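Here is the structure we will look at, set down as structure tokens.
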Protein chains: 2
Amino acid sequence: MIGAESLVRTLLASGVDTCFANPGTSEMHFVAALDRAPGMRCVLGLFEGVVAGAADGYARMTGKAAVTLFHCGPGLGNGIAYLHNAKRAQSPIVNVVGDQATYHAPLDPPLASDVEGLARPVSQWVKKVTRVEDLGSGAAEAVQAAYAPPGGNATLILPSDVSWNDGGVPAAPLPKPKRASVDSAAIAEAARVLRSGEPAVLMLAGPGVQDDGLKVAHRIGAATGARIMCQTFNARIARGRGRPVIEIVPYPVDDAVDLLKGVKHVVGAGTGLPVAFFAYPGKPGIMTPKDTALHVLARPDQDVKGALDRLADELGCPDVPLPEHRSNAIPGDGPVTVEGAGATLAALVPDDTIIVDEGITLRGPFFQATKHAARHDWLQVPGGAIGGGLPLATGAAIGAPGRRVIALQADGSAMYTVQALWTQARENLDVTTVLLSNRKYAILVHELKQVGAVAGKTARDLFELDRPEIDWLSMARSMGVEAARADTLSRFADLLSHANGRRGPFLIELRL
Amino acid sequence: MIGAESLVRTLLASGVDTCFANPGTSEMHFVAALDRAPGMRCVLGLFEGVVAGAADGYARMTGKAAVTLFHCGPGLGNGIAYLHNAKRAQSPIVNVVGDQATYHAPLDPPLASDVEGLARPVSQWVKKVTRVEDLGSGAAEAVQAAYAPPGGNATLILPSDVSWNDGGVPAAPLPKPKRASVDSAAIAEAARVLRSGEPAVLMLAGPGVQDDGLKVAHRIGAATGARIMCQTFNARIARGRGRPVIEIVPYPVDDAVDLLKGVKHVVGAGTGLPVAFFAYPGKPGIMTPKDTALHVLARPDQDVKGALDRLADELGCPDVPLPEHRSNAIPGDGPVTVEGAGATLAALVPDDTIIVDEGITLRGPFFQATKHAARHDWLQVPGGAIGGGLPLATGAAIGAPGRRVIALQADGSAMYTVQALWTQARENLDVTTVLLSNRKYAILVHELKQVGAVAGKTARDLFELDRPEIDWLSMARSMGVEAARADTLSRFADLLSHANGRRGPFLIELRL
């Protein structure tokens with residue numbers, strides 16, 4: 001058996017059955033092996049950023065690692081931004097990077113590069129396999145390493161001769177590492193703080209903002225008066241009807257500082273004190289008051305959900321009814337406003353929707369409006385690498401068939417990875433992209449002001465995307481995605497109902 | 001003066017007056033400083049791969065370093081593939097990567113990453129400046145380092161507080177490093193070999209395949225009988241009427257081996273023995289015969305052109321008339337074939353055109369046909385990172401205003417960096433993109449065969465781009481680039497004449 005086949009068989013045996021790929025020559029034997037060891041679903045991306053971001057979205061919805069396929073250092077390079085996001089989202093991913101044959105690399109052919117050097121900054125595990133007989137066991141290790149808490153990128157570098165040589169040995173799956181329990185002292189300390197009656201925030205992340213974590217946090221909050229909050233950007237928040245509402249730390253530092261005024265204690269469940277996305281002259285880096293104490297209930301790699309359960313027991317928190325708010329949002333009418341579009345979305349979002357949020361400056365009203373909408377998961381970009389949205393939506397749809405994905409996508413960021421639309425069309429994915437078209441990098445206008453800089457003409461020119469305007473309908477259609485423009489809120493409502501009521505992708509350009 | 005202004009002023013004083021940018025928050029003060037220190041042309045790319053590839057194209061046409069602007073590790077990550085190509089093309093580039101403020105980075109905000117680790121594999125110089133008073137001198141060093149022979153990426157990492165703090169000191173330009181002269185022994189050895197009469201190849205790269213280098217190589221060839229060749233992929237080859245014709249090492253290993261059969265000596269001017277792009281089972285990695293001896297006339301970082309001059313003197317090569325071939329190509333007629341399209345291009349290419357070649361499997365006939373066409377420069381992708389073509393054409397047009405750029409662009413590779421079309425429209429660049437649409441990754445079909453693998457359905461599916469087909473006219477128009485389709489050769493000829501006769505970008509979809 002050649003190495004590549006041992007790799008595919010080991011991945012399948014380890015439960016990895018989805019491959020996001022942009023292959024090149026060095027991956028040809030892997031690709032050929034897919035037909036000899038059936039069971040791997042292959043999804044093609046026309047740019048590696050799509051591959052990386054989709055694997056992240058898939059992991060967030062399934063909790064499972066997909067395998068990605070990248071071609072040499074430059075192929076991996078094109079994926080790095082969205083592997084960075086995946087790392088921050090704690091998404092398990094097995095990256096296979098094909099590379100020069102072991103004996104050919106010393107000749108320094110054009111594509112030779114330091115693949116390990118490129119992989120390390122985004123990976124929690126990197127290994128280059130140099131002997132065919134080690135490939136199966138290396139693959140099993142890679143899967144295990146991707147799941148090593150809190151979850152992240154495991155990168156296996158695969159020289160082409162190791163892939164094609166005979167002598168591959170499929171390996172049995174290795175045990176999936178579990179998150180470690182927290183010390184009882186951490187539980188006791190958190191309980192003491194929350195009992196004190198001093199103003200406290202239970203700050204949640206990771207499993208803490210998913211359905212079960214949030215429910216127990218809600219009980220703790222109800223029993224102790226602690227505020228239940230999460231960081232500004234999260235991998236996946238459970239939201240909507242029947243779920244506790246969680247406060248989110250605002251992105252603008254001044255707003256966050258205001259909201260957190262007077263907080264004496266932060267109990268961190270999978271996270272710590274809220275840190276500003278960037279430093280700004282004269283503004284604090286940590287947005288809680290200077291005298292706020294951090295009490296670590298659970299580190300990001302520990303059993304966050306278990307720690308919350310134990311804390312609730314320790315505090316004797318009774319069961320509380322879940323909020324049964326119903327959104328009174330109705331589809332909007334008249335000219336497009338972000339607030340009206342938010343209300344329209346809230347009124348029309350189907351049950352169990354996955355909302356992928358790369359709305360950037362336009363996010364707020366959509367997030368607010370959907371608080372009591374139908375039950376949904378809200379996916380963000382915790383790593384801040386811009387352009388992650390469309391690939392994330394693509395992978396989420398692959399990971400959760402039968403659920404509608406709505407991507408709230410700002411126009412500037414959409415352009416980084418617009419090729420994702422093609423994959424959506426090819427796989428006929430149920431993704432409704434709401435393209436928020438304001439024809440500028442509005443975030444940069446905001447940021448320029450925040451850092452206290454003054455823009456002249458050259459600077460302002462770099463923020464404007466209206467010369468030329470991007471024609472989003474042509475863009476979507478060029479890649480096989482149907483599209484229409486909403487110039488009014490009632491048109492937006494009609495298009496949203498239409499898009500959500502059919503199979504396959506659709507893009508709505510919402511002109512703002 | 002704030003740091004950012006000292007940076008811009010130093011760059012300008014050092015002759016760096018063009019900036020390819022995709023800025024983010026950490027670069028806001030640099031952006032604002034552009035208006036306080038006028039003279040920097042700013043070109044916006046909507047994706048960092050466009051920025052990197054354009055800086056490469058600009059350097060190839062001007063010999064000058066542009067400055068790029070990337071946002072943190074992920075922004076740099078998105079540029080890495082095309083910075084790899086630039087490195088292999090020996091293109092001087094100053095990369096400025098904005099990063100977290102020095103005091104904020106330890107808080108590990110979402111975008112924090114190991115920027116130095118990511119930069120090193122593609123850079124010949126990396127420096128993180130941590131004190132505002134060192135930024136001016138750091139910038140001068142960066143420019144000098146970008147020009148350090150053979151030329152490449154110098155990456156300056158700029159924490160945002162270093163950018164906004166007061167105390168910046170503009171620095172005077174540092175001397176531009178010169179390529180070192182080769183030892184006389186190397187000249188003597190090369191002369192001895194070429195006088196021997198044994199079958200020899202003078203293998204050229206870098207300055208050796210530009211106009212002056214090629215002319216002296218031609219004299220050497222005429223006097224000694226040595227074959228004048230270059231590697232498969234080159235930064236820039238001088239071609240067309242009035243220029244010596246150079247043989248190129250074919251990409252397919254078997255063809256290269258055939259062509260190089262019987263060669264006893266390779267005299268390397270800026271390069272060495274021809275190395276296969278990839279290893280293939282049972283095929284050699286070096287494509288000359290086993291007993292071929294390499295004689296290094298000049299290493300890539302040495303004075304290649306000077307060495308060729310001295311070698312010609314040593315050999316007493318007389319002046320020879322330059323070939324005055326005239327292409328007898330006439331625009332084709334009838335159904336589209338690659339050969340017919342090549343002849344059409346050869347007939348219609350304007351004088352001093354820049355041809356950017358990412359034609360991949362379709363390149364050959366175009367390259368052959370244009371041998372005796374009007375005078376032109378032929379730009380390739382020496383690093384092999386796919387998708388470099390459209391950005392390269394964009395940057396070449398910025399670097400050589402008044403010259404027509406024709407981009408021979410395969411469809412699969414076009415999709416990696418298709419956002420470059422928007423920058424072409426925005427800057428109204430004279431770029432004619434000939435989009436070679438075969439709706440597949442034809443190179444992978446070829447490579448699969450070469451590595452001896454057998455494709456099943458899954459594998460074949462990963463090579464086909466026809467589900468859905470990309471509508472290239474809609475794609476181009478969505479970003480403000482006019483476009484038309486050529487279904488016949490006469491239509492291709494008409495469109496080519498039309499596109500080349502007007503200002504601004506145009507895309508011709510050539511259906512194959």
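Chains: A, B, ... in order of the structure tokens. Residues: from 1 per chain. Ligands: from 1, in order shown.
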**OP:** Extract, using only C-alpha atoms, all DNA, RNA and protein residues at most 9 Å from Asp333 of chain B, discarding same-chain residues fewer than 3 positions from it, and format them as a count of residues only.
**Re:** 9
Original post:
Which neighbours of Ala55 of chain B fall inside 8 Å, counting only C-alpha atoms, when residues of the same chain fewer than 6 positions from it are skipped, and could you give them as a list of chain:residue names?
Top reply: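 Once the nearby chain positions are removed, what remains is B:Phe20, B:Ala65, B:Ala66, B:Val67, B:Thr68, B:Ile93, B:Leu392, B:Gly395.
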Subject >> Distance of atom CA of Gly45 of chain B from atom CA of Gly15 of chain B, expressed in Å to one decimal place >> reply: 21.9 Å
**OP:** Please give the complete set of residues from segment 205-290 of chain B that DSSP, run on the backbone, assigns to helix (DSSP H, G or I), formatted as a PyMOL selection string.
**Re:** chain B and resi 206-209+211-224+253-259
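Using only C-alpha atoms for every distance, the candidate list B:Ile398, B:Val381, B:Cys19, B:Ala341 yields B:Ala341 as the residue closest to Glu509 of chain B.
Neighbouring residues of Cys230 of chain B at 6 Å or closer, counting only C-alpha atoms and skipping chain neighbours under 2 positions away, are B:Met203, B:Leu204, B:Ile248.
Going from atom CA of Val16 of chain A to atom CA of Leu46 of chain A covers 21.8 Å.
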Subject >> Computed interatomic separation between atom CA of Ile360 of chain B and atom CA of Ala414 of chain B (Å) >> reply: 10.8 Å
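When only C-alpha atoms are used to measure the gap to Pro23 of chain B, the shortest distance among A:Trp422, A:Tyr416, A:Phe506, A:Phe463 belongs to A:Phe463.
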Determine, counting only C-alpha atoms, which protein, DNA and RNA residues have an atom within 12 Å of an atom of Gly57 of chain A; residues of the same chain fewer than 2 positions away are not included. Present the result as an mmCIF file with N, CA and C atoms, in the first residue's frame.
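Now in around-v1.cif:
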```
data_model
loop_
_atom_site.group_PDB
_atom_site.id
_atom_site.type_symbol
_atom_site.label_atom_id
_atom_site.label_comp_id
_atom_site.auth_asym_id
_atom_site.auth_seq_id
_atom_site.Cartn_x
_atom_site.Cartn_y
_atom_site.Cartn_z
ATOM 1 N N PHE A 20 -11.426 19.392 2.597
ATOM 2 C CA PHE A 20 -11.484 20.650 1.848
ATOM 3 C C PHE A 20 -10.145 20.793 1.128
ATOM 4 N N VAL A 50 -10.408 29.811 1.060
ATOM 5 C CA VAL A 50 -11.731 29.182 1.118
ATOM 6 C C VAL A 50 -11.628 27.840 1.833
ATOM 7 N N VAL A 51 -10.605 27.097 1.482
ATOM 8 C CA VAL A 51 -10.372 25.776 2.079
ATOM 9 C C VAL A 51 -10.204 25.894 3.597
ATOM 10 N N ALA A 52 -9.347 26.810 4.019
ATOM 11 C CA ALA A 52 -9.053 26.962 5.447
ATOM 12 C C ALA A 52 -10.281 27.439 6.212
ATOM 13 N N GLY A 53 -10.943 28.470 5.684
ATOM 14 C CA GLY A 53 -12.108 29.018 6.377
ATOM 15 C C GLY A 53 -13.260 28.030 6.432
ATOM 16 N N ALA A 54 -13.405 27.237 5.382
ATOM 17 C CA ALA A 54 -14.489 26.247 5.350
ATOM 18 C C ALA A 54 -14.230 25.148 6.376
ATOM 19 N N ALA A 55 -12.989 24.737 6.513
ATOM 20 C CA ALA A 55 -12.671 23.715 7.514
ATOM 21 C C ALA A 55 -12.983 24.235 8.917
ATOM 22 N N ALA A 59 -15.772 22.625 11.431
ATOM 23 C CA ALA A 59 -15.425 22.214 12.794
ATOM 24 C C ALA A 59 -16.350 22.863 13.820
ATOM 25 N N ARG A 60 -16.698 24.119 13.576
ATOM 26 C CA ARG A 60 -17.546 24.795 14.560
ATOM 27 C C ARG A 60 -18.927 24.162 14.652
ATOM 28 N N MET A 61 -19.442 23.645 13.517
ATOM 29 C CA MET A 61 -20.791 23.082 13.525
ATOM 30 C C MET A 61 -20.811 21.607 13.893
ATOM 31 N N THR A 62 -19.706 20.901 13.659
ATOM 32 C CA THR A 62 -19.715 19.453 13.920
ATOM 33 C C THR A 62 -18.888 19.078 15.144
ATOM 34 N N GLY A 63 -18.004 19.966 15.576
ATOM 35 C CA GLY A 63 -17.037 19.592 16.612
ATOM 36 C C GLY A 63 -15.978 18.651 16.084
ATOM 37 N N LYS A 64 -16.004 18.406 14.779
ATOM 38 C CA LYS A 64 -15.091 17.428 14.180
ATOM 39 C C LYS A 64 -14.012 18.100 13.332
ATOM 40 N N ALA A 65 -12.888 17.435 13.229
ATOM 41 C CA ALA A 65 -11.822 17.908 12.353
ATOM 42 C C ALA A 65 -12.086 17.443 10.931
ATOM 43 N N ALA A 66 -11.989 18.353 9.983
ATOM 44 C CA ALA A 66 -11.883 17.987 8.576
ATOM 45 C C ALA A 66 -10.397 17.943 8.242
ATOM 46 N N TYR A 82 -6.896 32.384 7.552
ATOM 47 C CA TYR A 82 -8.119 31.755 8.038
ATOM 48 C C TYR A 82 -7.804 30.561 8.931
ATOM 49 N N LEU A 83 -6.584 30.047 8.863
ATOM 50 C CA LEU A 83 -6.136 29.088 9.880
ATOM 51 C C LEU A 83 -5.892 29.828 11.199
ATOM 52 N N ASN A 85 -7.724 32.361 12.175
ATOM 53 C CA ASN A 85 -9.077 32.455 12.741
ATOM 54 C C ASN A 85 -9.500 31.134 13.373
ATOM 55 N N ALA A 86 -9.204 30.032 12.698
ATOM 56 C CA ALA A 86 -9.575 28.712 13.220
ATOM 57 C C ALA A 86 -8.875 28.443 14.549
ATOM 58 N N LYS A 87 -7.620 28.828 14.629
ATOM 59 C CA LYS A 87 -6.864 28.660 15.876
ATOM 60 C C LYS A 87 -7.561 29.410 17.011
ATOM 61 N N ALA A 89 -10.604 30.250 17.123
ATOM 62 C CA ALA A 89 -11.931 29.669 17.352
ATOM 63 C C ALA A 89 -11.835 28.299 17.998
ATOM 64 N N GLN A 90 -10.599 27.820 18.216
ATOM 65 C CA GLN A 90 -10.366 26.500 18.808
ATOM 66 C C GLN A 90 -10.981 25.393 17.957
ATOM 67 N N SER A 91 -10.906 25.569 16.645
ATOM 68 C CA SER A 91 -11.462 24.574 15.722
ATOM 69 C C SER A 91 -10.426 23.509 15.409
ATOM 70 N N PRO A 92 -10.730 22.249 15.634
ATOM 71 C CA PRO A 92 -9.785 21.203 15.241
ATOM 72 C C PRO A 92 -9.730 21.061 13.722
ATOM 73 N N ILE A 93 -8.539 21.085 13.162
ATOM 74 C CA ILE A 93 -8.347 20.899 11.718
ATOM 75 C C ILE A 93 -7.060 20.109 11.510
ATOM 76 N N ALA A 235 -16.547 31.948 18.720
ATOM 77 C CA ALA A 235 -16.633 30.920 17.689
ATOM 78 C C ALA A 235 -18.095 30.633 17.334
ATOM 79 N N ARG A 236 -18.947 30.575 18.368
ATOM 80 C CA ARG A 236 -20.340 30.147 18.126
ATOM 81 C C ARG A 236 -21.144 30.422 19.379
ATOM 82 N N ILE A 354 -28.049 29.135 11.047
ATOM 83 C CA ILE A 354 -26.682 29.459 11.435
ATOM 84 C C ILE A 354 -26.388 30.837 10.851
ATOM 85 N N ILE A 355 -26.164 31.803 11.709
ATOM 86 C CA ILE A 355 -25.838 33.143 11.206
ATOM 87 C C ILE A 355 -24.335 33.323 11.271
ATOM 88 N N VAL A 356 -23.740 33.575 10.128
ATOM 89 C CA VAL A 356 -22.300 33.827 10.070
ATOM 90 C C VAL A 356 -22.110 35.333 9.966
ATOM 91 N N ASP A 357 -21.378 35.875 10.894
ATOM 92 C CA ASP A 357 -21.320 37.320 11.074
ATOM 93 C C ASP A 357 -19.957 37.868 10.689
ATOM 94 N N ASP A 377 -27.633 29.734 15.836
ATOM 95 C CA ASP A 377 -26.236 29.853 16.274
ATOM 96 C C ASP A 377 -25.618 31.048 15.552
ATOM 97 N N TRP A 378 -24.807 31.799 16.281
ATOM 98 C CA TRP A 378 -24.201 33.014 15.734
ATOM 99 C C TRP A 378 -22.689 32.786 15.698
ATOM 100 N N LEU A 379 -22.126 32.767 14.485
ATOM 101 C CA LEU A 379 -20.693 32.481 14.325
ATOM 102 C C LEU A 379 -19.946 33.765 13.987
ATOM 103 N N GLN A 380 -18.855 34.013 14.703
ATOM 104 C CA GLN A 380 -18.077 35.222 14.452
ATOM 105 C C GLN A 380 -16.660 34.882 13.997
ATOM 106 N N VAL A 381 -15.825 35.886 13.968
ATOM 107 C CA VAL A 381 -14.448 35.722 13.487
ATOM 108 C C VAL A 381 -13.502 36.044 14.653
ATOM 109 N N GLY A 388 -12.943 36.126 6.496
ATOM 110 C CA GLY A 388 -13.265 34.758 6.886
ATOM 111 C C GLY A 388 -14.719 34.368 6.680
ATOM 112 N N GLY A 389 -15.584 35.344 6.457
ATOM 113 C CA GLY A 389 -17.023 35.076 6.491
ATOM 114 C C GLY A 389 -17.552 34.105 5.455
ATOM 115 N N LEU A 390 -17.298 34.377 4.177
ATOM 116 C CA LEU A 390 -17.884 33.519 3.135
ATOM 117 C C LEU A 390 -17.365 32.081 3.224
ATOM 118 N N PRO A 391 -16.060 31.866 3.441
ATOM 119 C CA PRO A 391 -15.600 30.487 3.628
ATOM 120 C C PRO A 391 -16.226 29.818 4.860
ATOM 121 N N LEU A 392 -16.350 30.570 5.935
ATOM 122 C CA LEU A 392 -16.938 30.034 7.162
ATOM 123 C C LEU A 392 -18.365 29.563 6.896
ATOM 124 N N ALA A 393 -19.125 30.371 6.178
ATOM 125 C CA ALA A 393 -20.506 30.009 5.848
ATOM 126 C C ALA A 393 -20.534 28.745 4.992
ATOM 127 N N THR A 394 -19.583 28.645 4.093
ATOM 128 C CA THR A 394 -19.494 27.489 3.207
ATOM 129 C C THR A 394 -19.261 26.215 4.005
ATOM 130 N N GLY A 395 -18.303 26.269 4.915
ATOM 131 C CA GLY A 395 -17.993 25.090 5.721
ATOM 132 C C GLY A 395 -19.092 24.760 6.711
ATOM 133 N N ALA A 396 -19.741 25.798 7.265
ATOM 134 C CA ALA A 396 -20.842 25.555 8.210
ATOM 135 C C ALA A 396 -21.973 24.810 7.505
ATOM 136 N N ALA A 397 -22.231 25.187 6.250
ATOM 137 C CA ALA A 397 -23.303 24.529 5.495
ATOM 138 C C ALA A 397 -22.950 23.074 5.202
ATOM 139 N N ILE A 398 -21.677 22.818 4.923
ATOM 140 C CA ILE A 398 -21.261 21.422 4.700
ATOM 141 C C ILE A 398 -21.427 20.633 6.001
ATOM 142 N N GLY A 399 -21.119 21.267 7.118
ATOM 143 C CA GLY A 399 -21.150 20.568 8.405
ATOM 144 C C GLY A 399 -22.545 20.388 8.972
ATOM 145 N N ALA A 400 -23.496 21.200 8.530
ATOM 146 C CA ALA A 400 -24.836 21.138 9.112
ATOM 147 C C ALA A 400 -25.890 21.126 8.024
ATOM 148 N N VAL A 405 -28.011 28.586 6.367
ATOM 149 C CA VAL A 405 -26.933 29.477 6.784
ATOM 150 C C VAL A 405 -27.232 30.860 6.222
ATOM 151 N N ALA A 407 -25.337 34.403 5.868
ATOM 152 C CA ALA A 407 -24.062 35.090 6.047
ATOM 153 C C ALA A 407 -24.294 36.592 5.963
#
```
**OP:** Compile the contact shell of Gly136 of chain A as a ChimeraX atom specification: residues with an atom at most 9 Å away, counting only C-alpha atoms, same-chain residues fewer than 2 positions apart removed.
**Re:** /A:3-11,132-134,138-141,168-172
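Proximity to Val31 of chain A was assessed for A:Pro284, A:Pro150, A:Gly98, A:Gly208 counting only C-alpha atoms; the smallest distance is recorded for A:Gly98.
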**OP:** For Leu408 of chain A, list every protein, DNA or RNA residue within 6 Å, evaluated using only C-alpha atoms, and leave out those in the same chain fewer than 6 positions away; present the list as a ChimeraX atom specification.
**Re:** /A:357-359,434
Subject >> Expected answer as a list of chain:residue names: strand (DSSP E or B) residues in segment 115-260 of chain A >> reply: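 DSSP on the backbone gives strand (DSSP E or B) at A:Ser123, A:Gln124, A:Trp125, A:Val126, A:Lys127, A:Lys128, A:Asn153, A:Ala154, A:Thr155, A:Leu156, A:Ile157, A:Leu158, A:Pro159, A:Asp166, A:Ala180, A:Ala200, A:Val201, A:Leu202, A:Met203, A:Leu204, A:Arg227, A:Ile228, A:Met229, A:Cys230, A:Ile237, A:Ala238, A:Arg239, A:Glu247, A:Ile248.
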Original post:
B:Ala420, B:Ala346, B:Cys317, B:Leu462: which is nearest chain A, counting only C-alpha atoms?
Top reply: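 Once distances to chain A are computed over only C-alpha atoms, the minimum belongs to B:Leu462.
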**OP:** Might you pull out every residue within 10 Å of Gly221 of chain A, with only C-alpha atoms counted and same-chain residues fewer than 6 positions away left off, and present them as a ChimeraX atom specification?
**Re:** /A:194,200-202,215,227-228,312,317
